[in-house]
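**Student:** I am sharing input25.cif, which consists of mmCIF, C-alpha atoms and all ligand atoms:
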data_coords
#
loop_
_atom_site.group_PDB
_atom_site.id
_atom_site.type_symbol
_atom_site.label_atom_id
_atom_site.label_comp_id
_atom_site.auth_asym_id
_atom_site.auth_seq_id
_atom_site.Cartn_x
_atom_site.Cartn_y
_atom_site.Cartn_z
ATOM 1 C CA MET A 1 -24.757 -6.316 1.713
ATOM 2 C CA LYS A 2 -23.440 -3.299 -0.212
ATOM 3 C CA ALA A 3 -19.643 -3.297 -0.063
ATOM 4 C CA ILE A 4 -16.846 -1.142 -1.428
ATOM 5 C CA VAL A 5 -13.122 -1.830 -1.618
ATOM 6 C CA VAL A 6 -11.034 1.264 -0.889
ATOM 7 C CA TYR A 7 -7.350 0.825 -1.654
ATOM 8 C CA LYS A 8 -4.117 2.769 -1.280
ATOM 9 C CA SER A 9 -1.329 1.537 -3.508
ATOM 10 C CA LYS A 10 2.040 2.969 -4.462
ATOM 11 C CA THR A 11 3.638 0.180 -6.488
ATOM 12 C CA GLY A 12 0.604 -1.858 -7.569
ATOM 13 C CA PHE A 13 0.481 -4.886 -5.251
ATOM 14 C CA THR A 14 -2.482 -3.642 -3.178
ATOM 15 C CA LYS A 15 -4.291 -2.468 -6.323
ATOM 16 C CA ARG A 16 -4.031 -5.959 -7.805
ATOM 17 C CA TYR A 17 -5.291 -7.599 -4.607
ATOM 18 C CA ALA A 18 -8.143 -5.041 -4.484
ATOM 19 C CA GLU A 19 -9.129 -5.915 -8.050
ATOM 20 C CA TRP A 20 -9.054 -9.656 -7.303
ATOM 21 C CA ILE A 21 -11.354 -9.080 -4.296
ATOM 22 C CA VAL A 22 -13.730 -7.036 -6.452
ATOM 23 C CA GLU A 23 -13.821 -9.789 -9.093
ATOM 24 C CA GLU A 24 -14.748 -12.305 -6.382
ATOM 25 C CA LEU A 25 -17.329 -10.160 -4.608
ATOM 26 C CA GLN A 26 -18.650 -8.119 -7.547
ATOM 27 C CA CYS A 27 -18.595 -5.016 -5.370
ATOM 28 C CA ASP A 28 -17.585 -1.389 -5.927
ATOM 29 C CA ILE A 29 -14.025 -0.092 -5.800
ATOM 30 C CA THR A 30 -12.319 3.256 -5.319
ATOM 31 C CA THR A 31 -9.004 4.687 -4.190
ATOM 32 C CA TYR A 32 -8.021 6.083 -0.806
ATOM 33 C CA GLU A 33 -7.449 9.446 -2.469
ATOM 34 C CA ASN A 34 -11.034 9.564 -3.824
ATOM 35 C CA ILE A 35 -12.956 8.452 -0.756
ATOM 36 C CA PHE A 36 -15.110 10.925 1.154
ATOM 37 C CA ARG A 37 -17.691 10.814 3.914
ATOM 38 C CA GLU A 38 -20.908 10.993 1.863
ATOM 39 C CA MET A 39 -19.697 8.180 -0.355
ATOM 40 C CA ILE A 40 -18.920 5.848 2.557
ATOM 41 C CA ALA A 41 -22.398 6.440 3.984
ATOM 42 C CA GLU A 42 -23.907 4.544 1.033
ATOM 43 C CA TYR A 43 -22.258 1.250 2.059
ATOM 44 C CA ASP A 44 -22.766 -1.477 4.662
ATOM 45 C CA LEU A 45 -19.155 -2.611 4.444
ATOM 46 C CA VAL A 46 -15.895 -0.794 3.690
ATOM 47 C CA ILE A 47 -12.972 -3.112 2.849
ATOM 48 C CA TYR A 48 -9.818 -1.057 3.216
ATOM 49 C CA GLY A 49 -6.568 -2.300 1.687
ATOM 50 C CA SER A 50 -3.121 -0.796 1.915
ATOM 51 C CA ARG A 51 0.565 -1.611 2.123
ATOM 52 C CA ILE A 52 2.507 -2.209 5.302
ATOM 53 C CA HIS A 53 4.875 0.698 5.739
ATOM 54 C CA ALA A 54 7.525 0.452 8.458
ATOM 55 C CA GLY A 55 5.481 -2.071 10.412
ATOM 56 C CA ARG A 56 2.039 -0.429 10.178
ATOM 57 C CA VAL A 57 -0.941 -0.379 7.827
ATOM 58 C CA ASP A 58 -0.515 2.773 5.758
ATOM 59 C CA GLY A 59 -3.406 5.276 5.800
ATOM 60 C CA LEU A 60 -5.511 3.328 8.283
ATOM 61 C CA LYS A 61 -6.197 6.219 10.657
ATOM 62 C CA LYS A 62 -8.031 8.304 8.030
ATOM 63 C CA ILE A 63 -10.266 5.361 7.116
ATOM 64 C CA LYS A 64 -10.993 4.457 10.753
ATOM 65 C CA ASP A 65 -11.926 8.097 11.449
ATOM 66 C CA LEU A 66 -14.160 8.323 8.368
ATOM 67 C CA VAL A 67 -15.999 5.096 9.131
ATOM 68 C CA GLU A 68 -16.476 6.130 12.761
ATOM 69 C CA LYS A 69 -17.896 9.528 11.767
ATOM 70 C CA VAL A 70 -20.346 8.057 9.287
ATOM 71 C CA ASN A 71 -21.344 5.407 11.830
ATOM 72 C CA ARG A 72 -22.936 3.058 9.348
ATOM 73 C CA PRO A 73 -20.623 0.705 7.507
ATOM 74 C CA LYS A 74 -18.601 -2.075 9.054
ATOM 75 C CA LEU A 75 -14.864 -1.930 8.438
ATOM 76 C CA MET A 76 -12.662 -4.776 7.212
ATOM 77 C CA VAL A 77 -8.946 -4.371 6.505
ATOM 78 C CA PHE A 78 -6.401 -6.128 4.333
ATOM 79 C CA ALA A 79 -2.725 -5.301 4.262
ATOM 80 C CA THR A 80 -0.058 -6.256 1.757
ATOM 81 C CA GLY A 81 3.587 -6.592 2.682
ATOM 82 C CA GLY A 82 6.906 -8.043 1.689
ATOM 83 C CA THR A 83 7.029 -10.232 4.800
ATOM 84 C CA PRO A 84 6.118 -13.845 3.948
ATOM 85 C CA SER A 85 2.888 -14.953 5.695
ATOM 86 C CA ALA A 86 4.865 -17.719 7.415
ATOM 87 C CA VAL A 87 6.688 -15.145 9.559
ATOM 88 C CA GLU A 88 3.727 -15.092 11.929
ATOM 89 C CA GLY A 89 5.371 -13.110 14.739
ATOM 90 C CA ALA A 90 6.109 -10.197 12.415
ATOM 91 C CA ILE A 91 2.550 -10.189 11.065
ATOM 92 C CA ARG A 92 1.133 -10.211 14.612
ATOM 93 C CA GLY A 93 3.402 -7.239 15.397
ATOM 94 C CA ILE A 94 2.009 -5.320 12.412
ATOM 95 C CA TRP A 95 -1.572 -5.808 13.613
ATOM 96 C CA LYS A 96 -0.676 -4.841 17.186
ATOM 97 C CA ALA A 97 0.953 -1.639 15.918
ATOM 98 C CA SER A 98 -2.037 -0.781 13.721
ATOM 99 C CA PHE A 99 -5.034 -1.577 15.962
ATOM 100 C CA SER A 100 -6.014 -1.160 19.599
ATOM 101 C CA GLU A 101 -6.866 -4.333 21.563
ATOM 102 C CA GLU A 102 -10.587 -3.604 21.046
ATOM 103 C CA GLU A 103 -10.178 -2.996 17.310
ATOM 104 C CA LEU A 104 -8.227 -6.249 16.952
ATOM 105 C CA GLN A 105 -11.329 -8.079 18.200
ATOM 106 C CA GLU A 106 -13.870 -6.030 16.246
ATOM 107 C CA ILE A 107 -12.304 -5.326 12.850
ATOM 108 C CA PRO A 108 -11.675 -8.380 10.657
ATOM 109 C CA HIS A 109 -8.144 -8.079 9.222
ATOM 110 C CA PHE A 110 -6.237 -10.095 6.639
ATOM 111 C CA TYR A 111 -2.602 -10.190 5.604
ATOM 112 C CA MET A 112 -1.653 -10.801 1.960
ATOM 113 C CA GLN A 113 2.012 -11.323 1.174
ATOM 114 C CA SER A 114 3.180 -9.309 -1.818
ATOM 115 C CA GLY A 115 6.803 -8.340 -2.451
ATOM 116 C CA LEU A 116 8.818 -5.300 -3.425
ATOM 117 C CA ASN A 117 8.849 -3.343 -6.656
ATOM 118 C CA TYR A 118 11.862 -1.034 -6.861
ATOM 119 C CA GLU A 119 10.967 0.080 -10.400
ATOM 120 C CA LYS A 120 7.690 1.659 -9.266
ATOM 121 C CA MET A 121 8.874 2.795 -5.800
ATOM 122 C CA GLY A 122 9.218 6.505 -5.017
ATOM 123 C CA ARG A 123 12.644 7.976 -4.319
ATOM 124 C CA GLY A 124 11.988 8.389 -0.570
ATOM 125 C CA ASP A 125 10.915 4.786 -0.163
ATOM 126 C CA ARG A 126 13.902 3.550 -2.145
ATOM 127 C CA LEU A 127 16.181 5.497 0.182
ATOM 128 C CA ILE A 128 14.530 3.937 3.270
ATOM 129 C CA MET A 129 15.064 0.451 1.806
ATOM 130 C CA LYS A 130 18.706 1.244 1.012
ATOM 131 C CA THR A 131 19.254 2.438 4.601
ATOM 132 C CA LEU A 132 17.582 -0.703 5.977
ATOM 133 C CA ALA A 133 19.829 -2.857 3.782
ATOM 134 C CA LYS A 134 22.906 -1.063 5.132
ATOM 135 C CA VAL A 135 21.772 -1.422 8.761
ATOM 136 C CA LEU A 136 21.136 -5.145 8.296
ATOM 137 C CA ASN A 137 24.423 -5.597 6.458
ATOM 138 C CA ARG A 138 26.390 -4.084 9.344
ATOM 139 C CA LYS A 139 24.485 -5.895 12.084
ATOM 140 C CA LYS A 140 26.276 -8.709 13.851
ATOM 141 C CA ASP A 141 24.444 -11.771 15.252
ATOM 142 C CA LYS A 142 21.442 -11.425 12.946
ATOM 143 C CA THR A 143 18.317 -13.452 13.706
ATOM 144 C CA SER A 144 17.119 -15.819 10.974
ATOM 145 C CA ASP A 145 14.290 -13.364 10.176
ATOM 146 C CA GLU A 146 16.834 -10.570 9.749
ATOM 147 C CA VAL A 147 18.977 -12.722 7.457
ATOM 148 C CA GLY A 148 15.843 -13.540 5.410
ATOM 149 C CA CYS A 149 14.887 -9.874 5.264
ATOM 150 C CA GLU A 150 18.375 -8.841 4.155
ATOM 151 C CA GLU A 151 18.339 -11.401 1.357
ATOM 152 C CA ALA A 152 14.827 -10.458 0.271
ATOM 153 C CA ILE A 153 15.227 -6.685 0.031
ATOM 154 C CA GLY A 154 18.196 -6.763 -2.344
ATOM 155 C CA ASP A 155 15.973 -6.833 -5.444
ATOM 156 C CA SER A 156 12.359 -6.629 -6.547
ATOM 157 C CA TYR A 157 10.336 -9.786 -5.914
ATOM 158 C CA ASP A 158 6.707 -10.915 -6.124
ATOM 159 C CA ILE A 159 5.265 -13.553 -3.789
ATOM 160 C CA SER A 160 1.652 -12.430 -4.223
ATOM 161 C CA SER A 161 -1.066 -14.844 -5.287
ATOM 162 C CA ARG A 162 -4.796 -14.584 -5.876
ATOM 163 C CA GLU A 163 -5.502 -17.394 -3.410
ATOM 164 C CA TYR A 164 -4.613 -15.053 -0.514
ATOM 165 C CA VAL A 165 -7.846 -13.074 -1.029
ATOM 166 C CA LEU A 166 -9.990 -16.142 -0.335
ATOM 167 C CA PRO A 167 -10.157 -15.934 3.505
ATOM 168 C CA LEU A 168 -11.352 -12.309 3.219
ATOM 169 C CA VAL A 169 -13.847 -13.185 0.482
ATOM 170 C CA GLN A 170 -15.221 -16.033 2.605
ATOM 171 C CA CYS A 171 -15.526 -13.740 5.626
ATOM 172 C CA VAL A 172 -17.591 -11.225 3.602
ATOM 173 C CA GLN A 173 -19.781 -13.979 2.167
ATOM 174 C CA GLU A 174 -20.499 -15.276 5.671
ATOM 175 C CA MET A 175 -21.615 -11.790 6.748
ATOM 176 C CA LYS A 176 -24.368 -11.706 4.119
HETATM 177 C C1 LIG A 201 9.763 2.072 2.818
HETATM 178 C C2 LIG A 201 9.054 0.748 2.839
HETATM 179 C C3 LIG A 201 8.751 0.150 4.038
HETATM 180 C C4 LIG A 201 8.145 -1.109 4.059
HETATM 181 N N1 LIG A 201 7.879 -1.694 5.252
HETATM 182 C C5 LIG A 201 7.370 -2.950 5.273
HETATM 183 C C6 LIG A 201 7.136 -3.607 6.521
HETATM 184 O O1 LIG A 201 7.379 -3.067 7.594
HETATM 185 N N2 LIG A 201 6.652 -4.880 6.476
HETATM 186 C C7 LIG A 201 6.375 -5.517 5.297
HETATM 187 O O2 LIG A 201 5.946 -6.670 5.320
HETATM 188 N N3 LIG A 201 6.544 -4.897 4.104
HETATM 189 C C8 LIG A 201 7.035 -3.637 4.064
HETATM 190 N N4 LIG A 201 7.234 -3.003 2.870
HETATM 191 C C9 LIG A 201 6.809 -3.672 1.623
HETATM 192 C C10 LIG A 201 5.453 -3.140 1.148
HETATM 193 O O3 LIG A 201 4.510 -3.219 2.181
HETATM 194 C C11 LIG A 201 4.955 -3.947 -0.057
HETATM 195 O O4 LIG A 201 5.833 -3.794 -1.123
HETATM 196 C C12 LIG A 201 3.525 -3.539 -0.425
HETATM 197 O O5 LIG A 201 2.842 -4.614 -0.991
HETATM 198 C C13 LIG A 201 3.469 -2.376 -1.366
HETATM 199 O O6 LIG A 201 2.148 -2.125 -1.695
HETATM 200 P P1 LIG A 201 1.741 -1.306 -3.001
HETATM 201 O O7 LIG A 201 2.439 -1.977 -4.172
HETATM 202 O O8 LIG A 201 0.279 -1.431 -3.089
HETATM 203 O O9 LIG A 201 2.207 0.092 -2.792
HETATM 204 C C14 LIG A 201 7.814 -1.756 2.827
HETATM 205 C C15 LIG A 201 8.104 -1.125 1.613
HETATM 206 C C16 LIG A 201 8.723 0.104 1.613
HETATM 207 C C17 LIG A 201 9.054 0.736 0.302
#
Could you render the structure from this file as structure tokens?
Ligand SMILES: Cc1cc2nc3c(=O)[nH]c(=O)nc-3n(C[C@H](O)[C@H](O)[C@H](O)COP(=O)(O)O)c2cc1C
**Tutor:**
Amino acid sequence: MKAIVVYKSKTGFTKRYAEWIVEELQCDITTYENIFREMIAEYDLVIYGSRIHAGRVDGLKKIKDLVEKVNRPKLMVFATGGTPSAVEGAIRGIWKASFSEEELQEIPHFYMQSGLNYEKMGRGDRLIMKTLAKVLNRKKDKTSDEVGCEEAIGDSYDISSREYVLPLVQCVQEMK
């Protein structure tokens, strides 16, 4: 099966996960910015990876549209986010916001916890995080998830690990 990893990464977490996947699968790799229709047509499987941005998988619509137009490769998705994998309700919410019911059944999707990197973040994103911190700070009767989120977003952190690519890698290997 000819596969390509296509990734969109602003601060490097998704890029690193994409590279780990490529090392495991020995497949091709390119960026979201460099992908085009004719290129996708050469593959049986497109593995798209991106960050979670405000509760959704960033850039997913363009990739879904491209894959649908080409009508050849299968699509698989991985998403990186600051939410720990253990916060299962939040992760389920991300998938529900990013896929239709049908897509949830058809498109294999994997969550890989990452972190936050304020040093590499753009100014707009930093502002959004600052606003979120203020909102959470002012909120009364916070849920435990909100308290955890408030504590986590104060500084950069990294909870990524190579082991999180293994379920995706296994899924691809079983498709062969
Ligand atoms: C503005 C903004 C919004 C974010 N929203 C979420 C979110 O809703 N859920 C989540 O788990 N992580 C969220 N994150 C964290 C990113 O998804 C995480 O840092 C991601 O791994 C970044 O990927 P990259 O380094 O490849 O750009 C957000 C980060 C920023 C800057």
**Student:** Would you write out, as an MDAnalysis selection string, every residue that the PyMOL selection byres (((not hetatm)) within 7 of (chain A and resi 201)) captures in this file?
**Tutor:** chainID A and resid 8:15 50:56 80:83 114:117 121 125:126 128:129
**Student:** Save out the residues we just selected, C-alpha atoms, as a PDB file, keeping the file's coordinate frame.
**Tutor:**
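That gives us selection-v6.pdb:
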ATOM      1  CA  LYS A   8      -4.117   2.769  -1.280  1.00  0.00           C
ATOM      2  CA  SER A   9      -1.329   1.537  -3.508  1.00  0.00           C
ATOM      3  CA  LYS A  10       2.040   2.969  -4.462  1.00  0.00           C
ATOM      4  CA  THR A  11       3.638   0.180  -6.488  1.00  0.00           C
ATOM      5  CA  GLY A  12       0.604  -1.858  -7.569  1.00  0.00           C
ATOM      6  CA  PHE A  13       0.481  -4.886  -5.251  1.00  0.00           C
ATOM      7  CA  THR A  14      -2.482  -3.642  -3.178  1.00  0.00           C
ATOM      8  CA  LYS A  15      -4.291  -2.468  -6.323  1.00  0.00           C
ATOM      9  CA  SER A  50      -3.121  -0.796   1.915  1.00  0.00           C
ATOM     10  CA  ARG A  51       0.565  -1.611   2.123  1.00  0.00           C
ATOM     11  CA  ILE A  52       2.507  -2.209   5.302  1.00  0.00           C
ATOM     12  CA  HIS A  53       4.875   0.698   5.739  1.00  0.00           C
ATOM     13  CA  ALA A  54       7.525   0.452   8.458  1.00  0.00           C
ATOM     14  CA  GLY A  55       5.481  -2.071  10.412  1.00  0.00           C
ATOM     15  CA  ARG A  56       2.039  -0.429  10.178  1.00  0.00           C
ATOM     16  CA  THR A  80      -0.058  -6.256   1.757  1.00  0.00           C
ATOM     17  CA  GLY A  81       3.587  -6.592   2.682  1.00  0.00           C
ATOM     18  CA  GLY A  82       6.906  -8.043   1.689  1.00  0.00           C
ATOM     19  CA  THR A  83       7.029 -10.232   4.800  1.00  0.00           C
ATOM     20  CA  SER A 114       3.180  -9.309  -1.818  1.00  0.00           C
ATOM     21  CA  GLY A 115       6.803  -8.340  -2.451  1.00  0.00           C
ATOM     22  CA  LEU A 116       8.818  -5.300  -3.425  1.00  0.00           C
ATOM     23  CA  ASN A 117       8.849  -3.343  -6.656  1.00  0.00           C
ATOM     24  CA  MET A 121       8.874   2.795  -5.800  1.00  0.00           C
ATOM     25  CA  ASP A 125      10.915   4.786  -0.163  1.00  0.00           C
ATOM     26  CA  ARG A 126      13.902   3.550  -2.145  1.00  0.00           C
ATOM     27  CA  ILE A 128      14.530   3.937   3.270  1.00  0.00           C
ATOM     28  CA  MET A 129      15.064   0.451   1.806  1.00  0.00           C
TER      29      MET A 129
END
**Student:** Apply the PyMOL selection byres (((chain A and resi 84) around 10) and not hetatm) to the displayed file and report the matching residues as a list of chain:residue names.
**Tutor:**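 Answer for the PyMOL selection byres (((chain A and resi 84) around 10) and not hetatm): A:Gly81, A:Gly82, A:Thr83, A:Ser85, A:Ala86, A:Val87, A:Glu88, A:Ala90, A:Ile91, A:Tyr111, A:Met112, A:Gln113, A:Ser114, A:Gly115, A:Gly148, A:Cys149, A:Ile159, A:Ser160.
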**Student:** Those residues with C-alpha atoms, as a PDB file, in the coordinates of the input please?
**Tutor:**
ATOM      1  CA  GLY A  81       3.587  -6.592   2.682  1.00  0.00           C
ATOM      2  CA  GLY A  82       6.906  -8.043   1.689  1.00  0.00           C
ATOM      3  CA  THR A  83       7.029 -10.232   4.800  1.00  0.00           C
ATOM      4  CA  SER A  85       2.888 -14.953   5.695  1.00  0.00           C
ATOM      5  CA  ALA A  86       4.865 -17.719   7.415  1.00  0.00           C
ATOM      6  CA  VAL A  87       6.688 -15.145   9.559  1.00  0.00           C
ATOM      7  CA  GLU A  88       3.727 -15.092  11.929  1.00  0.00           C
ATOM      8  CA  ALA A  90       6.109 -10.197  12.415  1.00  0.00           C
ATOM      9  CA  ILE A  91       2.550 -10.189  11.065  1.00  0.00           C
ATOM     10  CA  TYR A 111      -2.602 -10.190   5.604  1.00  0.00           C
ATOM     11  CA  MET A 112      -1.653 -10.801   1.960  1.00  0.00           C
ATOM     12  CA  GLN A 113       2.012 -11.323   1.174  1.00  0.00           C
ATOM     13  CA  SER A 114       3.180  -9.309  -1.818  1.00  0.00           C
ATOM     14  CA  GLY A 115       6.803  -8.340  -2.451  1.00  0.00           C
ATOM     15  CA  GLY A 148      15.843 -13.540   5.410  1.00  0.00           C
ATOM     16  CA  CYS A 149      14.887  -9.874   5.264  1.00  0.00           C
ATOM     17  CA  ILE A 159       5.265 -13.553  -3.789  1.00  0.00           C
ATOM     18  CA  SER A 160       1.652 -12.430  -4.223  1.00  0.00           C
TER      19      SER A 160
END
**Student:** Please evaluate the PyMOL selection byres (((chain A and resi 23-34) around 10) and not hetatm) against the structure above and give the resulting residues as number ranges by chain.
**Tutor:** A: 1-9, 15, 17-22, 35-36, 39, 43, 46-50, 59-60, 62-63, 165-166, 169-170, 172-173
**Student:** Which residue, A:Lys130, A:Asp58, A:Ala79, A:Glu119, has the smallest gap to A:Tyr157 when you use all atoms listed in the file?
**Tutor:**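 Closest candidate: A:Glu119.
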**Student:** Would you mind reading off the distance between atom CA of A:Ser98 and atom CA of A:Met76, one decimal, in Å?
**Tutor:** 13.1 Å
**Student:** Please determine, counting only C-alpha atoms, which residue among A:Gly124, A:Gly93, A:Ile40, A:Pro73 has the shortest atom-to-atom distance to A:Val57.
**Tutor:**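 Using only C-alpha atoms, A:Val57 sits closest to A:Gly93.
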**Student:** For A:Thr131, which of A:Lys69, A:Tyr164, A:Glu150, A:Ile107 is the closest residue, counting all atoms listed in the file?
**Tutor:**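 Selected residue with least distance to A:Thr131: A:Glu150.
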